[in-house]
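I have placed the structure first, in the form of structure tokens, so that the comments after it can refer back to it.
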Amino acid sequence: MKRVYSVDVAIIGAGTAGMGAYREALKYTDNILLIEGEQFGTTCARVGCMPSKLLIAPAEARHNAEKFSAFGLLGHVPKVDGKALLQRVRDERDRFVGFVKEAVDGFRDEHRIMAKATFIDDNTLALSNGDQVKAKRIIIAVGSRPNVPKMFDAAGDRLITNDDVFYWNDLPKSIAVFGAGVIGLELGQALHRLGVRVHIFGRDNITGPLTDPKVSQYAYSTIGKELPFHGNAKISRIEKHNEQVAITFQSHAESEIVTEHFDYLLAATGRRSNIDKLDIENTTLTLDHLGIPVFDRLSMQCGDSHIFLAGDVNNDIPLLHEAADEGRLAGENAGRFPNVFKRARKTSLGIAFTSPQIAVVGKSFNELTSQSVPFSIGEVSFEDQGRSRVMLVNKGLMRLYGNSESGELLGAEMIGPEHEHLAHLLAWCIQLRMSVADILQMPFYHPVIEEGLRSGLRDLLQQMGMGPQPPLHCIDCGPGA
């Protein structure tokens, strides 16, 4: 017999956003249903940020061995045992997923149900097991999936997504990576450093999350010196050829048309919202051109309705920490509805764990130029930065943006060594609304990579007309700073 649940809050999706929403909504009501359609375990833990870093770590360790001779060390680059390497990736991945499952198992049984949900109307959900849910408030947190362009179908069973990589039992000999965003760059470079023949195919010479033309070009050139990186290749044909995929392309306008064969074609061309699986058109919500409900990112509320949107499903900022924040915000507002409050969002922070690392913090170059904000740009190269040269990681360019009227730091785009740490420092400074002059009063040790940041900030201060021309190789910085 069909069961009809009557709840205060229904949460569709038990990933990072859904779990955060559940914990927050539980503070306001005990009448909750958490609905998961496939499997418990977040995208990050199962096929995203954690398993990708498990692949990057051995790739970096092996790549570092290639520098032995430059340090005056004698040794050999280690051979790769693909089966053992990927076994560790899967084992550790399963361990991370296990932590998520333990968390979900800690939720009360009567609050959880395994079924797929679709909308019948604004307050009614149909479940794939035949049951129905009547909900006063609904949180949509169904996440996203890999976006695979139709043209890739020609690759047949040679076509894979990044989700598939982490279920491999061994490394392939070759792979064509389509997409030069964060996923494509991270996986492409890691596989290359593990001995796989890799070509990366991008579009419009876009490199990762970068929007600053100067930093983007530097990143494109730097990565392109390590492995074949076709930033704007013209693809004329993709076809399966025996147990490989044949790709015919022209790398740039002056080059010849060539055909390369690979074991796989990896589609790393972004992700798409799972909203299209919910029959969202059965609601009265206003949808945008992608079919996603229009929502307020400061409250996660869709219009003035009782429905909230959180996590990757909203196609806003597909990052774990953002999904967690959005889930908590949606859960709070769904719990206290109709008293919906807005909350200030944290400073934007995005990092690609390539080598050198790529990061965008605060306002991007594109955001600032499109908003006509009066800003100046400070710049620093890490090619001659002391600590970076000592460690033979002296590749990098940082561009910092400051308000030329208030002196406030607004944002930065960068590629360079250990820049995941510099990006965090800058994000904290931006969130505290610190001026460039105030940041320069903070302590800088010697010799550290952070001294390069100080050089960039000094240049920015001068560019804003708020400080003198920075001294060349200033003595207070220490030699080689």
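In the structure tokens, chains take letters A, B, ... by order of appearance, with residues numbered from 1 within each chain and ligands from 1 in the order shown.
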
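Residues with any atom within 12 Å of His321 of chain A, counting only C-alpha atoms and excluding same-chain neighbours fewer than 5 positions away, are Thr16, Ala17, Gly20, Cys44, Cys49, Ala310, Gly311, Asp312, Glu326, Gly327, Arg328, Arg345, Lys346, Thr347, Ser348, Leu349, Gly350 and Ile351 of chain A.
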
Review point. Could you name the residues that touch segment 102-111 of chain A at 8 Å or less, counting only C-alpha atoms, but leaving out those on the same chain fewer than 6 positions away, as a VMD selection string?
Key: chain A and resid 19 31 to 34 40

**Study point:** DSSP-assigned helix (DSSP H, G or I) members of segment 257-288 of chain A, reported as an MDAnalysis selection string
**Key:** chainID A and resid 274:277 280:282

Prev. selection, N, CA, C and O atoms, output as an mmCIF file, in the first residue's frame:
```
data_model
loop_
_atom_site.group_PDB
_atom_site.id
_atom_site.type_symbol
_atom_site.label_atom_id
_atom_site.label_comp_id
_atom_site.auth_asym_id
_atom_site.auth_seq_id
_atom_site.Cartn_x
_atom_site.Cartn_y
_atom_site.Cartn_z
ATOM 1 N N ASN A 274 21.660 18.297 -11.565
ATOM 2 C CA ASN A 274 20.709 17.183 -11.610
ATOM 3 C C ASN A 274 19.260 17.650 -11.465
ATOM 4 O O ASN A 274 18.358 16.823 -11.305
ATOM 5 N N ILE A 275 19.035 18.941 -11.543
ATOM 6 C CA ILE A 275 17.678 19.474 -11.399
ATOM 7 C C ILE A 275 16.735 18.916 -12.454
ATOM 8 O O ILE A 275 15.530 18.786 -12.231
ATOM 9 N N ASP A 276 17.293 18.549 -13.622
ATOM 10 C CA ASP A 276 16.453 18.062 -14.721
ATOM 11 C C ASP A 276 15.850 16.687 -14.454
ATOM 12 O O ASP A 276 15.025 16.206 -15.230
ATOM 13 N N LYS A 277 16.243 16.054 -13.349
ATOM 14 C CA LYS A 277 15.706 14.738 -13.015
ATOM 15 C C LYS A 277 14.541 14.805 -12.027
ATOM 16 O O LYS A 277 14.030 13.770 -11.594
ATOM 17 N N ILE A 280 10.956 19.432 -12.181
ATOM 18 C CA ILE A 280 10.818 20.727 -11.518
ATOM 19 C C ILE A 280 9.792 21.615 -12.218
ATOM 20 O O ILE A 280 9.235 22.536 -11.620
ATOM 21 N N GLU A 281 9.515 21.304 -13.489
ATOM 22 C CA GLU A 281 8.526 22.088 -14.238
ATOM 23 C C GLU A 281 7.107 21.913 -13.675
ATOM 24 O O GLU A 281 6.186 22.680 -14.024
ATOM 25 N N ASN A 282 6.927 20.918 -12.816
ATOM 26 C CA ASN A 282 5.611 20.725 -12.193
ATOM 27 C C ASN A 282 5.359 21.696 -11.037
ATOM 28 O O ASN A 282 4.271 21.705 -10.469
#
```

Exercise for review: Do a neighbour search on Ala219 of chain A at 9 Å with only C-alpha atoms, toss out local chain neighbours closer than 5 positions, and write the hits as a list in words.
Suggested key: Thr207, Gly208, Leu210, Lys214, Gly224, Pro356, Ile358, Gly396, Leu397, Met414 and Ile415 of chain A

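In terms of minimum interatomic distance to Thr354 of chain A, A:Val182 ranks closest within A:Val80, A:Ile12, A:Leu85, A:Val182, counting only C-alpha atoms.
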